[in-house]
Every structure is written in structure tokens, then in C-alpha cells.
There are 2 protein chains.
Amino acid sequence: MSNSKWVYAFGGGSAEGSADMRNLLGGKGANLAEMSSLGLPVPPGFTVTTDVCSYYTENDKNYPDSLGGDVKEALANIEEIIGAKFGDADNPLLVSVRSGARASMPGMMDTVLNLGLNDETVQGLARGSGDERFAYDSYRRFIQMYGDVVLGVEHHNFEDILADHKDEKGVALDTELDAEDWKVVCKEFTAMVEQELDKPFPQDPHDQLWGAISAVFGSWMNNRAKIYRRLHDIPEEWGTAVNIQSMVFGNMGESSATGVCFTRNPSTGENIFYGEYLANAQGEDVVAGIRTPQPLTDAEKEQNHTGLPSMEENMPGLFQELCDVRTKLEEHYTDMQDMEFTVQEGKLWMLQTRGGKRTAKAALRIAVDMATEGLITKEEAIRRVDPAQLDQLLHPTLDPDAPRNILGRGLPASPGAASGKIAFSAPEAEMMAAKGERVILVRMETSPEDIGGMHAAEGILTTRGGMTSHAAVVARGMGRPCVAGAGEMQVSYSKQTLSCGGQTVGVGDIITIDGARGEVMLGEVETIQPELTSDFGQLMEWVDHTRSLNVRTNAETPEDAETAIHFGAEGIGLCRTEHMFFDPERIIHMREMILASDEAGRRVALAKLLPYQRADFIELFTIMKGLPVTVRLLDPPLHEFLPTSDEEMKMVAEAAGAEVEEVRARAIALHEANPMLGLRGCRLGIMHPEIYEMQCRAIFEAAAEVTKSLGETVEPEVMIPLVGTKEEFDILHAVVDQVAKDVGEETGSELKYLTGTMIELPRAALRAGDIAEGAEFFSFGTNDLTQTAFGLSRDDSGSFLGPYQEKGIYERDPFISIDQEGVGELMEIATERGRKTRGDLKLGICGEHGGDPASIVFCQKLGLNYVSCSPYRVPIARLAAAQAALGVEASVNA
Amino acid sequence: MSNSKWVYAFGGGSAEGSADMRNLLGGKGANLAEMSSLGLPVPPGFTVTTDVCSYYTENDKNYPDSLGGDVKEALANIEEIIGAKFGDADNPLLVSVRSGARASMPGMMDTVLNLGLNDETVQGLARGSGDERFAYDSYRRFIQMYGDVVLGVEHHNFEDILADHKDEKGVALDTELDAEDWKVVCKEFTAMVEQELDKPFPQDPHDQLWGAISAVFGSWMNNRAKIYRRLHDIPEEWGTAVNIQSMVFGNMGESSATGVCFTRNPSTGENIFYGEYLANAQGEDVVAGIRTPQPLTDAEKEQNHTGLPSMEENMPGLFQELCDVRTKLEEHYTDMQDMEFTVQEGKLWMLQTRGGKRTAKAALRIAVDMATEGLITKEEAIRRVDPAQLDQLLHPTLDPDAPRNILGRGLPASPGAASGKIAFSAPEAEMMAAKGERVILVRMETSPEDIGGMHAAEGILTTRGGMTSHAAVVARGMGRPCVAGAGEMQVSYSKQTLSCGGQTVGVGDIITIDGARGEVMLGEVETIQPELTSDFGQLMEWVDHTRSLNVRTNAETPEDAETAIHFGAEGIGLCRTEHMFFDPERIIHMREMILASDEAGRRVALAKLLPYQRADFIELFTIMKGLPVTVRLLDPPLHEFLPTSDEEMKMVAEAAGAEVEEVRARAIALHEANPMLGLRGCRLGIMHPEIYEMQCRAIFEAAAEVTKSLGETVEPEVMIPLVGTKEEFDILHAVVDQVAKDVGEETGSELKYLTGTMIELPRAALRAGDIAEGAEFFSFGTNDLTQTAFGLSRDDSGSFLGPYQEKGIYERDPFISIDQEGVGELMEIATERGRKTRGDLKLGICGEHGGDPASIVFCQKLGLNYVSCSPYRVPIARLAAAQAALGVEASVNA
């Protein structure tokens, strides 16, 4: 690095850097250089590179030897262009010093303006501008900014002095102070700084400059910046650049102004110039919100019903110049730009351009429009839309302008927003919904028994569990908004209350939940219903032509299957048959089965369940019209179907014709210390093959019937869960084949089907080569694979997942985005070994990760055939799959 | 295989086979050939090879083309040596047909004697022997054996006829029947067989012979044989051989005899000839126990106080001949032999020799004696002792001759036997023990709270949980016998009863448990106390010179540590600090810590625990005298320390100065769905570093003190549990280092210590390369690694582990012997990656598998530095480690 170029100059119609040097110059510096090269009016300046930051950090806060000379030279270049001299008492050059990392990073030192002012040069500025008040106002601003962000003098010290001074003078506003006031303030400011720091405020502009540069580099390593980086996965080694630029002033009278603008509407995406400006103001005034900004265009003026004059009408020439800049920059960057400009005494200066932030709706529209306009390719349009953002378009959202009276917070477990009356139990929720009321189901946690109530509710709130708790998974599947694991809130079932921070609400009180932000609000907050625009349809058409991964859905109800088809699902990747047993009519027989003391008794009960299960499959197969349907055989431990309360036990005993004691004894016998790792999955099938036999019979009889009625071959994929050894698979594979043979003979059908397994245990991944000898497909059950690889229960990790992410132990919640280096390696091993045994092994994923963009990119790399996710995530998965096919690395924050 | 030699002849002083052809000829055939070659008097015969068995199985029960000719030729060879002809009406050759697999296998067809007899040849035999009764007795025996084992006619059919005949004749014993009677019986037998099978009993000796050969081969695939093979890991492809041998008769008068003998005493191992014989009897009579066998030697006669004459005095010449055979065979085989012989009219015939079964005590003595005698090397002596058998020598055992009234069965969870009165709770057990009573603690399952009661009890019985349940692990650690998971037995705490199969016992009733066999007996059964002989010391000395793996122990109490040192442990590989918190004095503070609402409160409680914990370590370090001690920081979820019953909660609340509701709320808050996968291990350390700080302080203060008092440097190894990511380890490593630095400064000591981690999660194994950047040692926690790799809870697998092994899904219980192809691969990966990062990484294992011989062999292969096991398994581990160093593949059934 010793021979590196440490400083890059720009301005005067040329630049040493360019936009593609973002890593070296930071975003701001690279774009300033680029604009300069494009011939746009950029105040001259230079960028100290990110390499200097790294050098500074690694060399105990020392700089490269040659840096001093380079900076001097670059300063001289500015002086020459501007015709002013840094530190000159008569005609002082003033500069701004700004940090500029590769990615925008709040938490670091941001900006020092007016640097170069001191007790002497301020007089030169006053003379030169002919405005003493402006000069001392600028000086006091500089002392405060520099004192605060460079010297570390606390903000309130300055505010106190200013307040005292205004009190003394009996005025309320800064604007009521005159030049003499500011002179006094400046004196008091410097005196205070000297007292605080025990050394004088630096008067030498070069000392000021190096102080500011060091402050920027130092701030890269401050705690706030470190935390921000960790939260946003920004590597420390990136470093920040520092931009030193000559000052321009938008506050030098009515021919001066400052503003921000977007090349297109960032809210709607419309191809209309959009922005705000303030006459006779500095940039910070626009942001500070002290004065109401004026519209940029006449159209905006009209739309906003404001009396304030637009720039278009006030400064038509400059406006036209700005319009030209708009066109030039958008064509140059081929993306919507967010620009800052200043007009100093009738001259337009461009201070910044960058890709503009936009709403999901705007992102979609801009991408599609730009591709239609020919500005970008369709592939580029696909890359431009963030799949995670797309989620916003599919669910109702809260009106962003509506006030929110926040009761508490939890995890954003299922997007969308909903308001309704509180119900503390599933039956109550169902009852209230039956009366036509909108309900929010509030539970400590949910269980499969609550499905009915969850369905009846508009939204779900739980105080326990994580992003992949039962409540969260089911809610996402149903498209119901859900806030989960709101640990700061307390539910008391006995008191029928929900409390947080001293506030308490009860049954029937209205609350609103925002499942995208994890917020719970008191009362009703207005929501906005989503509408899928033609842009959406257009983008999805391009997406489907681009991707190679198929997208299926996890669904077991006709409603979910229909929704998924509507959203473009290409089959069912996971039909969880256990969800089909919770219907009140059925759970009786299920419980009868569980309570049976022998196989014969179980078979009697199973025979009663068969017609229901067959009818379910007939409906699903009919909806899916020949698309593949993967049916997972019974997976959860049997005790999940048994009641827990005394009252329920009594009901069950009556229904099943058994003694309460018998029910209780059976429940106790089935109790497990760690049910996740107990008698479930294929272990049930091994111990009680008759259960799987019934399920296979239902599947195959339905397949035979729908094949006939639909005239389309239904090819079910029978999936055996929780396999850990080849022997388990082979034994149950034989059961499946036998039932298929029997049903084939009975119905006279030639049944086509595949038999495969979940890969959801580390051992299964390792032994995939063996297992693939029999298995025709693998579906990665990444929920359980994550639980077992990490030794981490989804339901019990809520208490430490947050701190773990804050401390950087888990980069991301491993239940949301696949832990690629751990769980991912197991998937790689399984893929490689499985395909080595069986070249045409069909591979998919049906864990919650199947809808996570970063995980989808990983699945594409692994070479899976499909991903399967909840119905509402199907469009997101389609988009992510297309991006993966285009080689996009998924955004870490997606 | 088409050109194979299918038949191997032996007899007449030579043989085509030899002892090393066991795989081809089976054990019996190979040894008959060997004896024949040695010039010993073996009745001539031939062996049909195991290859024929495989051919027969694979070719739909057809034989190789050339086999018929080969058999004919081999028969002719016998005829020539004996001077009789197969099927000859005047001088018939009779043969025995016996199966003989590579490993002895009950469950298969065993033996048919006297084959070659029919209605004609029986007359020839009568004439030749001059004993008609003998001839027809032989014939009826043949018809019954052949009918039963070859033709499948049920046994009782024969017994009924015989009984009827004796009734008719009014006699009680077979010996009271004469030649005419046997003639009638033979007739009735053949008539009955014809009626049962609807075809006549085969009269053609060649048909008889082929029928018997096919029956042997067929029996290889029968169900009993299949089950036996599965249970004993005998591969199906081994097949069995068939031995056809000319008959000799020990029942041809007083100059005839038959017997079995051992070259050394199989019970004590003494180098004394030992055996039994019967004059004028056939081999089966010795086994059947109808007549009391006579002693072989005068010494035995004296020892047994029997008036029966010994062979030594009755047949001195033959006895001397037999002694010569004894010497010859033992020197030849260099192992104690179990031999069968028959004397026919003054001539000695050797019918079988094989390695003799022996007790653990005898095995040890014989191995040590033979090595001392120079018959075998010390290495061979080490190989000869089965480590699993050694276990018997370390625990009291039940008198094998005492009658057992079995109440029920469970898993043989911890060896040894004990009798005592039933107690159904730990406090009760302690109370009863305090009164001087011997107690068996009977629980559904045990928890850490029961430790006191388990210690007070002589033995433990649980009706739930597996071989690695809490009860089993703790019992093995304490050396208490334990029967665990006795699912067929019911405990009712409310009724205070233990029931099984209609029998019920209650508090105070005496039961006996046999932890080596998993049996529970009513009443007291006499036990035999173990004594460690000088043989044991000698073997262990050889063992320690041979092995390269170190053997440590899992121990946390001074008692356990002393026991382990006594058994030769070379350090502590796992000190589970949580066990130190259950003492009544301490658990109060532990609970206070858990109930504290903030860190400050926790620190107050921890400060009270510090002196206890420090005292523990001082004691342990002092006992271990500078040997390495690995201390695992707190691992289990905190709720394990909280009480569950209302009454206990009240007590805790009082002691901790809290409200009962508070205790209950905290317990509810700490409740986890799957505690195995919840907030435990290093997660506790991350969330509450103050706990680990206290523990580290206790460790280092103790190390500093003992280093001074002992004059021996104590180098503790601090082990962080349940690490899944490098970050977790690094964060806690810093905590350890900080405390070490602090204590070092405070005490003025230079502390030496290592910081390492358990590898007990699949992800940790995969990321071992990263983790080893900071970790100085790894200890494989194979219990949890097995649980997570398989997704299998130790505590909840009891209900299906049995059927899983029966169905061959799990070859062995993976919690007892490492699943080498799954869990083992994770260990391989971790070893390779860890050592790649850190060449001198210290590797050990501290799961229950550390005491399992097969797993120890695997650990040697992996290149671990040490294994750590419960104190009572230390000698076993030492022996297994020596065997592993000698390249012994651990016996699958060990």
C-alpha cells in the first residue's frame, strides 16, 4: 500500500475518480467524481480514500507518510479552481468535511461545514460576502459542529449558551439574532470549548482539517458504528473515505437556495420529477424541518395544494438546468437518483447524487418502467426489486401517516396489519368471529389445537416463541399477520388481560398489530389494502422466464392451495397431513386412535379417519390439477393431539368412551422431556405402520379417483419424515409400495408416485448416499435441520436469539435464513452424496427458509430442483429464484 | 464358485482342512480337521462347506452339480476307514449330521445322530453289536430326532407315544423298556410320522442324509436363527457348514463312556484338568442331566465330596490318554479348550474341541497364567480378556446358583447387584438409609434433586428412560447397580406401589436388582462380593505399558475421584459442576441466583456459592495431585434447579425470601418445550457471564491454593459446553482469561490453565476449524452429539429403541456404542479440521461412550489423546485402550 494514491481530486469539469471506484472512494466520493467528470457543476474537492482509513486503523492512528503532501496539493487545486485560499484572512477558502463509506452508515461522524473559519478568516468572509451576520452565523455553526463532532464537547453546552443569549435578548428564534449577537455567541462558544477541553479551540485551518479527517476515521471504529455494521453485515475492513469539498452557500440571499430532488417519485414510482427546496437556506435547514420546504415543480404545487411558490416558477432557468441534470444523471446511472443541490447567488451546484430509496410499490414500477423505456434490460429490472420488499405489496399495511399508540413490541413474525378485539382463547376467537366481529387472538403461545381460532382471527399475537414458532409458521401459511414472542408483554389467562409497561387491556378491547414491524398498538390504526398492479404481473412474467428453480408451496387446506396457485405456485412441496386431523369431527377419531391399547383398536379408529383424509386429498389434487403434490406422512408426537386441561380431558374421555383416568394416563405415558427429539416422524410409522398405511391408502385412492375425474395423471410424492437411517426409509418405503400395489389392484389403476424423505437430521445428511438408494426425492427440512445442527429449539430460543444477534454470535436468525456454513454444509453433503447414488434425485426444500431470498440463492447454488414456501411468499420466492438464476447474491438484510 | 471344493474329508490321521479354515468349514468342522491332522483319534467324516450354504440360499435351494459326487466319495472314504458300509444291511455305517457355523449359533438345527438306520440296517446293527436293545434304542432315537428336526413333526407326538407305552407297561423309566418295547415304539413312531406327513418315514439312508443336510442349510434362514444373528451381529452371508461323521457309541457297555472336559477350570481359571463323564452313556445323556455325571479326576472327586468313581480311577489308561490329548490341544491352540469325547468299547474318540467358555475371573486368570507360563505373549493375554466381562469383577454379583423370583425386567443400566427395601422418593430413601436400612430407590425417573437419595440407596430402579437416562448415568458414576426404563413395571406414587404382571409390592418390601442383566427380583437374592485378584493387577500393569490412549474419569465428588484414582484414572476428563449445586445448603443460593431479577441480584447469590465451589475444587485438585482436571462450566437449564411441587415451591420461596407466586412465575418463565435444545450450556454463560465468572474464580483460586499447598502445579482445563459457533467460544474464552488474570494478580500466582470446549453439536463439529483458533482442547460430548445427530432424545427413546434394534434399524444402542458412520463421521470431521488449525489440539471424549470398548477402539483410530468414563469403568477403558493399541477390533457384543 506504500505506493498507493491516497487522495483523489474532483471539480472543474474533471475528476481522478469515478462511480465504479465506490470501494476506494466511498459512495459519496465516487459519485462526486462521476458528476464532475460528466461536466456537472460540482464544487471542487477531493476524497481521502478508504485505504487511508484502513492504514489509520491498523497503524495506531498514524497516516501514510505521503498523505500530508497529497492533501496539500489537492487543497491547492481547489484554491486554484475557486480562487480563494485556505486560511487566507481576506479571501478564505471554506470547506466541508464529510465521511463517505461504501454503504451509507448512520452512527458515524457525518459532516463538518464551514471549516477554515477562525477569528481572522471570519472577518474576510464578512467582507467578501458583504454580510457580517452571514459570516458570524457561519462561524458559530462551524464552532458548534466542530466542537460537537470533532472535539467531543457535548451538544447541550452550545445549546445552553444560545438559549441564555436569546433569553437575555428576549427573543425566541435564531433568526431574530443579528451579527453582533453571533459575534458574542462565537466568543462564548470558543471560551466554553477551551474551558471544557482545557485547550483553545483550534484556529489554524490545517489543524482544523486534520482534526476533522481524524474524527471521521476515528468514528469508523466507534461503538455506534460497530453496532450498525454488525446489524447490517458491513465488514469492518471496508473503512470509510473522507470528502473535503469547497463550501457553497444557499443562504446568501434570495438568489440562493438549496434542495433535494428525486428523478422519479420515490413513493409511487411515477416517472415525474419530484423534490423540495428552500430559498435562502443551507442544506441542513431543509432536513431540520424548521421551515416548510417549497415544491420543486408546478405539478407538485398543485397536487399538494400549497400556496408556496415552486422552483419551476420562481427560478425557471435554474429549474431547467436542474431538469437537464436529472435527465443526464438518470440516463447515466440508469436508476432513479436522489440528488442534493445548492444555488449560490444564481449558480447551481450539485452536492450529491445517489440511488434513491423508494417504496416497494415505486421500486416495482420504476424497474418495470425503465425496462419498458429501454433504459435497462428485463434482467436488470428483475435484479432491481428486493424480494423482501415485495412482501409489503401482498399484505394490508398500516397507513404510515396514522398515529400509533404503541403498547408493546415483539417479533415481526408474519407480515401484514390487522385490528380487532382481543380474544384469549381459540374457541372464544371463533365465537366472536362467528358474530361478525374482527378478532385478534392473543396467546402465550399457540398449539395445533388453536388452528380454528387462528383462522377465525384477523391476526395473532403471542408472548412466547420465535420467528418459526407454531404461531408464526401457521400465521405465515394462512397469510395472517402475526407478532410473536412479545416477551415484554404479559398475558394472564386467569385475569384475561394483556399488559405491558403499566398499561393493561382485556377481552374485547381493540388492538392493532403490525406483523411487518412487530408492533402492537392500542386501538384501531387505519390499514391500506394491497392491490397487485400490472407492474407486478409484468415483472412476474419476466421472472418466470428467467428462473430455473421451481417454486412450490407448503399447503394442506384447499384455501391455502388456491391462494398459492393464485400466486403462481407450481405444486405443493409440503402437505402436512397432521394439520388435517385437528378439525373437531376428526380429532375425536384421532384421539380414539391414540387411546387404543393395541393395533386392532388403532385400525378401527384409523378406518374412520380414512374417508376424511381421502376427501382432503381429492380436493387438493383437484385444485393442483396434475401439479406435483408432496404429502408428508404423520410427523408430530401423538401427545400433540391429546388435550391438556382437565375439562378437555373429560370431553375427550366422553367422546372416546373412555375413563378420564385412562385419558390422563395415556397423556402422561406419551409425555416426553424433549418431544422434538422423541417418538415422532418416521418413528411413529415404524412403531405403528397402520397409521402410515391409512394415510397412503387415502393418498392413492384419491390419486386414482382424481386421475379419472380430471383426466390428468396425479402423481403424488409420498414423503417420510425424520428419517435418520437407510433402514427406517426402506422399511416404510415397503409399506408405501404395498399399499400402492393394493390400491392399484383394487381400483384397477396404474398408480404413479414417488417415495422420498425429508433430510432434516444431521445424520440423514451424512448418510444421504445410503438413503438415496431407496429414496426418489429429498426435501430439506431446514427447520429441524437447523434445530438439530445447532442443538437449538425454535420455540425456546426466543430468550437469547436477540442478544445472540446483537453480540454477533449469529449473523442472522438461523431459522429465517439458512446458516450456510453449518446447516448449509450438511445440505451440500446430502446433495452431493444423494446425487452420487442417484443421478436424477429430485431435490427440494420445504423448511421456512424456502421463502427466504438469501436461502433461495443458496438453494440455486446447491442445484436444488425447487423451493417450497408458504402461499404468501410464493411471489417472493419466484423473484428471488430469478435473481438467483441471474447470479445475484441475496442481500444480507433481505 | 463353480470349481470350488465343496467337501473336506477328515479322519484316519489326516484331514483336508485345518483350524484356520473356520470361515469355510465352520468352527466344529475346522477343529475336527485340525484334531485329525494332529493324529488325535477322531471318528472319520467330512464337512460340507459354508460356500454350499450360500449357494443353496442363493440358488433357490439347489446344490452345486458336483456336490453329489463329492459326498459319495467322502462317504466311501469313511466306509473304508471304518470298514462298514452306508445302508449295508449287515454292517451298516451310521453317521451323525451336525451344523457348524463360524460362530456358535443356537437357534439352528443342531444334530441328528445314528443316521443310516432303517428297518433293515437296525437288524444288522443288532447283530453286529450283539445287543438288540441297543440297536432299537438307537433307531427310536434316530426316528425321533430326524422326525423332529428334519421332518418338522412336533416333539410331543413322540413323547406321547413313549408315555403311552410306558403307561401300558406300567414302568416309569426309559431304562425299564427292553428291546421288544423299542421295536414297538419304532413301529409306532414311523407310523405316526407317516400319518402326520402323509408320506412314509424315509428308509433310504441317502435320502436321510440329504434330508438332514438340507435341514441344516434351511435352518440357517429360519426365524430363530435370523433373530439370533441380528442380536449378535452375525452376517447372513457367513452361512453354516454341515459335518457328517461316523457314529461312535459310548453306550455299548461298561467299557464305553462319554464326557466333556476343560483343559483348565472354566470357573476359577486354575490350571487343573476338569470335567465330567458317564460310563455306558451317549453324549446327550450327559447334557440331559438324567444321570448324575461322574468326576473326571480324583481331585474333583475329593472336592465335590462325591462317592462316584472318577475316570482317573476307573479307566486309568484312557484317562492318561485323555490327559495327553489335553496337553497336546492346549499347547496347539494356546487356549483353554472345551472338549467332548466318547469311549467305545475301550477306545477313546475325540468328538469336538473348541475354545472353552469361562467366567470373567477365569478369563483373567487363564490369560495371565498362560502369559506367565510362556504359552502366549503378554499382548495376547491382553487380547484374551473381554473388557465388558471385566465389569463383572468390579461389582457385587448375584450368586448364580441362588433362585430368582423375577418380578420384571428393564435395561441393564449399571452393573452390580443389590437388595434392599423399596423407597419411592429420595428423601424417604435417605431417611431409611439413615436408620441403617438397605434401600432400593424406585422411581419413574430420577432428576438431579434425587442425587442424595440415589447415593443413600444400594441400587436404583426406574420405569422410564434409557441406558443414558439421568438415573443410569448417575448410577454408573456412583457405581450403584441400576435397572432403568423397566417399562413393563408400573410405579404409583399415590398408592406407593410397584407392580408388574399382576404382582404388586410396596414401601419397605424387599427386592433385588441385577444391574448387569436388568432383572428385578422379589425378596433378597444372595450376592457375591468382588475381590480384585493379583491377576487383575498383573494384567493392568501390562495393559498400561501397552496403551497409548490416556484414561480419565468423569467425576465431581471426592468419593468418585478417589474411586477413579484407585482404578487407575489419569485425571478427570469431565467434572460436571452443576452436580455440586444440589447439596441442600447450596441449592438455596442457586435458587436465589435464579430467582434474582437482575445481574446485581445474581451476583449477590453467586458470591455465596463461591466458597462452596472453591472448596470443592480444592478437594478435587488435592485428590488428583497435579493430574489434569477438566472442569465443565454450568451446563443444564436453570429450571432443573427449581422445584416442581407446590410444597417445594413454598419451601424455596421461604428460603429465598420470595413470594410463592414469584417462584412459580419464574419456573413458568423458565419452562421450555425442549430443554435439551434451550437456554443451557454456553448460552447461559453468554446471557449471564457472572455465573461463569464465579465458577472460573472458584477454579483459579483453588488452583492457586492447591499449587502452593501441594507443591505441585495444578493446571485446570476449563471447558465451555454446548458451543456451536466460534463467536460463543471466543466471548467466553475472554471471560475465562479475564478472571484468570484477576485471580493471578490477586493471589500473586502464575496460573497455568487451558481453555477448551465440548464438541457436542453437529455444527460445532463442522466448524471445528474455526473454533480451534481459540480452543486449546476439544472434548467430544458424544451423548449430546448423538442426540442431535440423530434428533433423538436419550430420555424419550426408551419406547422405541428396543424395537429399533430388533428391526435392525440401529445396529447397537447409539447411546452405548458410538454410531461410527454418523456421529463418528462428525467426530472425524472435527478431529481433522481442529488439528488442521491447531496441530497440538488436545482431544478427548467424555460422553458415556468413553467407557465402551468398541467406542474406545474408534477413539484410538481417530487419534484422540484420552477417553474419560465413570470411575467404575476406568479399568475397562484401560484394557480396551490397550486392545485398541494392539489393533483389536472391538467385539461387537462387548
# chains A, B, ... in the order shown; residues from 1 in each chain; ligands from 1
>>> closest_atom_pairs(of="chain B", to="chain A", cutoff="6 Å", atoms="only C-alpha atoms", output="CSV")
residue,atom,partner,partner_atom,distance
B:Glu672,CA,A:Asp796,CA,5.8
B:Asn674,CA,A:Asn674,CA,4.5
B:Leu677,CA,A:Leu792,CA,4.4
B:Gly678,CA,A:Asp796,CA,5.2
B:Glu727,CA,A:Ile809,CA,5.2
B:Pro762,CA,A:Ala789,CA,4.9
B:Arg763,CA,A:Ala789,CA,5.1
B:Thr788,CA,A:Thr788,CA,4.9
B:Ala789,CA,A:Pro762,CA,4.9
B:Phe790,CA,A:Arg763,CA,5.7
B:Gly791,CA,A:Leu677,CA,5.0
B:Leu792,CA,A:Leu677,CA,4.4
B:Ser793,CA,A:Leu677,CA,4.8
B:Asp796,CA,A:Gly678,CA,5.2
B:Ile809,CA,A:Glu727,CA,5.2
B:Gly822,CA,A:Arg763,CA,5.3
>>> residues_around(residues="B:Ala734", least_positions_apart="3", cutoff="12 Å", atoms="only C-alpha atoms", output="PyMOL selection string")
chain B and resi 685-686+689+692-693+696+720+727-731+737-741+755-756+774-775
>>> select_by_dssp(residues="stretch 454-521 of chain A", states="helix (DSSP H, G or I)", output="PyMOL selection string")
chain A and resi 454-456+470-478
>>> select_by_dssp(residues="stretch 492-647 of chain B", states="strand (DSSP E)", output="MDAnalysis selection string")
chainID B and resid 492 497:500 503:506 510:514 519:522 527:528 550:554 572:576 629:632
>>> residues_around(residues="A:Gly283", least_positions_apart="3", cutoff="10 Å", atoms="only C-alpha atoms", output="VMD selection string")
chain A and resid 249 to 251 257 to 260 277 to 278 280 286 to 288 340 to 342 351
>>> write_last_selection(atoms="all heavy atoms", output="short mmCIF file (atom, residue, chain, number, x, y, z; two decimals), in the first residue's frame")
data_model
loop_
_atom_site.label_atom_id
_atom_site.label_comp_id
_atom_site.auth_asym_id
_atom_site.auth_seq_id
_atom_site.Cartn_x
_atom_site.Cartn_y
_atom_site.Cartn_z
N PHE A 249 -22.89 28.19 -0.64
CA PHE A 249 -23.89 28.65 0.34
C PHE A 249 -25.22 28.93 -0.34
O PHE A 249 -25.29 29.71 -1.28
CB PHE A 249 -23.39 29.92 1.03
CG PHE A 249 -22.14 29.69 1.85
CD1 PHE A 249 -20.89 29.95 1.31
CD2 PHE A 249 -22.23 29.17 3.14
CE1 PHE A 249 -19.74 29.72 2.05
CE2 PHE A 249 -21.07 28.94 3.88
CZ PHE A 249 -19.82 29.22 3.34
N GLY A 250 -26.21 28.26 0.17
CA GLY A 250 -27.56 28.50 -0.35
C GLY A 250 -28.26 29.59 0.44
O GLY A 250 -29.43 29.92 0.16
N ASN A 251 -27.57 30.13 1.40
CA ASN A 251 -28.21 31.11 2.27
C ASN A 251 -27.60 32.51 2.08
O ASN A 251 -27.45 33.25 3.03
CB ASN A 251 -28.11 30.67 3.74
CG ASN A 251 -26.65 30.39 4.15
OD1 ASN A 251 -25.77 30.28 3.29
ND2 ASN A 251 -26.43 30.28 5.45
N ALA A 257 -30.39 29.17 -2.90
CA ALA A 257 -31.40 28.19 -2.46
C ALA A 257 -30.71 26.86 -2.25
O ALA A 257 -29.55 26.66 -2.66
CB ALA A 257 -32.50 28.04 -3.52
N THR A 258 -31.43 25.96 -1.66
CA THR A 258 -30.90 24.61 -1.51
C THR A 258 -32.07 23.63 -1.57
O THR A 258 -33.20 23.99 -1.22
CB THR A 258 -30.13 24.50 -0.18
OG1 THR A 258 -29.42 23.26 -0.17
CG2 THR A 258 -31.05 24.56 1.03
N GLY A 259 -31.79 22.39 -2.02
CA GLY A 259 -32.90 21.46 -2.15
C GLY A 259 -32.47 20.02 -2.36
O GLY A 259 -31.28 19.73 -2.56
N VAL A 260 -33.44 19.15 -2.27
CA VAL A 260 -33.23 17.73 -2.59
C VAL A 260 -34.29 17.33 -3.61
O VAL A 260 -35.40 17.87 -3.60
CB VAL A 260 -33.37 16.82 -1.35
CG1 VAL A 260 -32.28 17.12 -0.34
CG2 VAL A 260 -34.75 16.98 -0.73
N TYR A 277 -37.44 22.37 -2.13
CA TYR A 277 -36.30 23.27 -1.97
C TYR A 277 -36.67 24.40 -1.04
O TYR A 277 -37.85 24.59 -0.72
CB TYR A 277 -35.84 23.79 -3.35
CG TYR A 277 -36.57 25.04 -3.81
CD1 TYR A 277 -35.90 26.28 -3.90
CD2 TYR A 277 -37.93 25.00 -4.13
CE1 TYR A 277 -36.55 27.42 -4.31
CE2 TYR A 277 -38.59 26.14 -4.53
CZ TYR A 277 -37.90 27.35 -4.62
OH TYR A 277 -38.56 28.48 -5.00
N LEU A 278 -35.66 25.11 -0.58
CA LEU A 278 -35.87 26.28 0.25
C LEU A 278 -35.01 27.41 -0.31
O LEU A 278 -33.80 27.19 -0.55
CB LEU A 278 -35.44 26.03 1.69
CG LEU A 278 -36.46 25.39 2.64
CD1 LEU A 278 -35.78 25.10 3.97
CD2 LEU A 278 -37.67 26.31 2.85
N ASN A 280 -32.85 30.77 0.01
CA ASN A 280 -32.03 31.40 1.04
C ASN A 280 -31.90 30.52 2.30
O ASN A 280 -32.29 30.91 3.39
CB ASN A 280 -32.62 32.77 1.42
CG ASN A 280 -31.60 33.59 2.23
OD1 ASN A 280 -30.42 33.24 2.26
ND2 ASN A 280 -32.05 34.65 2.87
N VAL A 286 -33.28 22.35 5.31
CA VAL A 286 -34.31 21.52 4.64
C VAL A 286 -34.60 20.29 5.48
O VAL A 286 -35.74 19.93 5.74
CB VAL A 286 -33.84 21.10 3.22
CG1 VAL A 286 -34.94 20.28 2.53
CG2 VAL A 286 -33.46 22.30 2.39
N VAL A 287 -33.50 19.70 5.94
CA VAL A 287 -33.65 18.47 6.72
C VAL A 287 -34.26 18.75 8.09
O VAL A 287 -35.08 17.99 8.59
CB VAL A 287 -32.26 17.80 6.89
CG1 VAL A 287 -32.40 16.49 7.66
CG2 VAL A 287 -31.63 17.56 5.53
N ALA A 288 -33.83 19.86 8.70
CA ALA A 288 -34.22 20.14 10.07
C ALA A 288 -35.71 20.37 10.24
O ALA A 288 -36.25 20.22 11.33
CB ALA A 288 -33.47 21.36 10.60
N GLU A 340 -28.85 16.20 -4.23
CA GLU A 340 -28.87 17.41 -3.41
C GLU A 340 -28.21 18.52 -4.22
O GLU A 340 -27.21 18.29 -4.90
CB GLU A 340 -28.11 17.20 -2.09
CG GLU A 340 -28.81 16.25 -1.16
CD GLU A 340 -28.02 16.00 0.13
OE1 GLU A 340 -27.11 16.81 0.43
OE2 GLU A 340 -28.31 15.00 0.79
N PHE A 341 -28.80 19.69 -4.12
CA PHE A 341 -28.22 20.81 -4.87
C PHE A 341 -28.27 22.08 -4.03
O PHE A 341 -29.03 22.18 -3.07
CB PHE A 341 -28.96 21.03 -6.20
CG PHE A 341 -30.39 21.46 -6.02
CD1 PHE A 341 -30.73 22.81 -5.95
CD2 PHE A 341 -31.41 20.52 -5.93
CE1 PHE A 341 -32.06 23.21 -5.79
CE2 PHE A 341 -32.74 20.91 -5.76
CZ PHE A 341 -33.07 22.26 -5.70
N THR A 342 -27.42 23.02 -4.39
CA THR A 342 -27.45 24.33 -3.77
C THR A 342 -27.32 25.38 -4.88
O THR A 342 -26.57 25.18 -5.85
CB THR A 342 -26.30 24.49 -2.76
OG1 THR A 342 -26.62 23.75 -1.58
CG2 THR A 342 -26.08 25.95 -2.37
N LEU A 351 -24.45 18.81 -5.14
CA LEU A 351 -23.67 18.38 -3.97
C LEU A 351 -23.63 16.87 -3.78
O LEU A 351 -22.78 16.33 -3.09
CB LEU A 351 -24.24 19.02 -2.70
CG LEU A 351 -24.21 20.54 -2.69
CD1 LEU A 351 -24.67 21.07 -1.34
CD2 LEU A 351 -22.79 21.06 -2.98
#
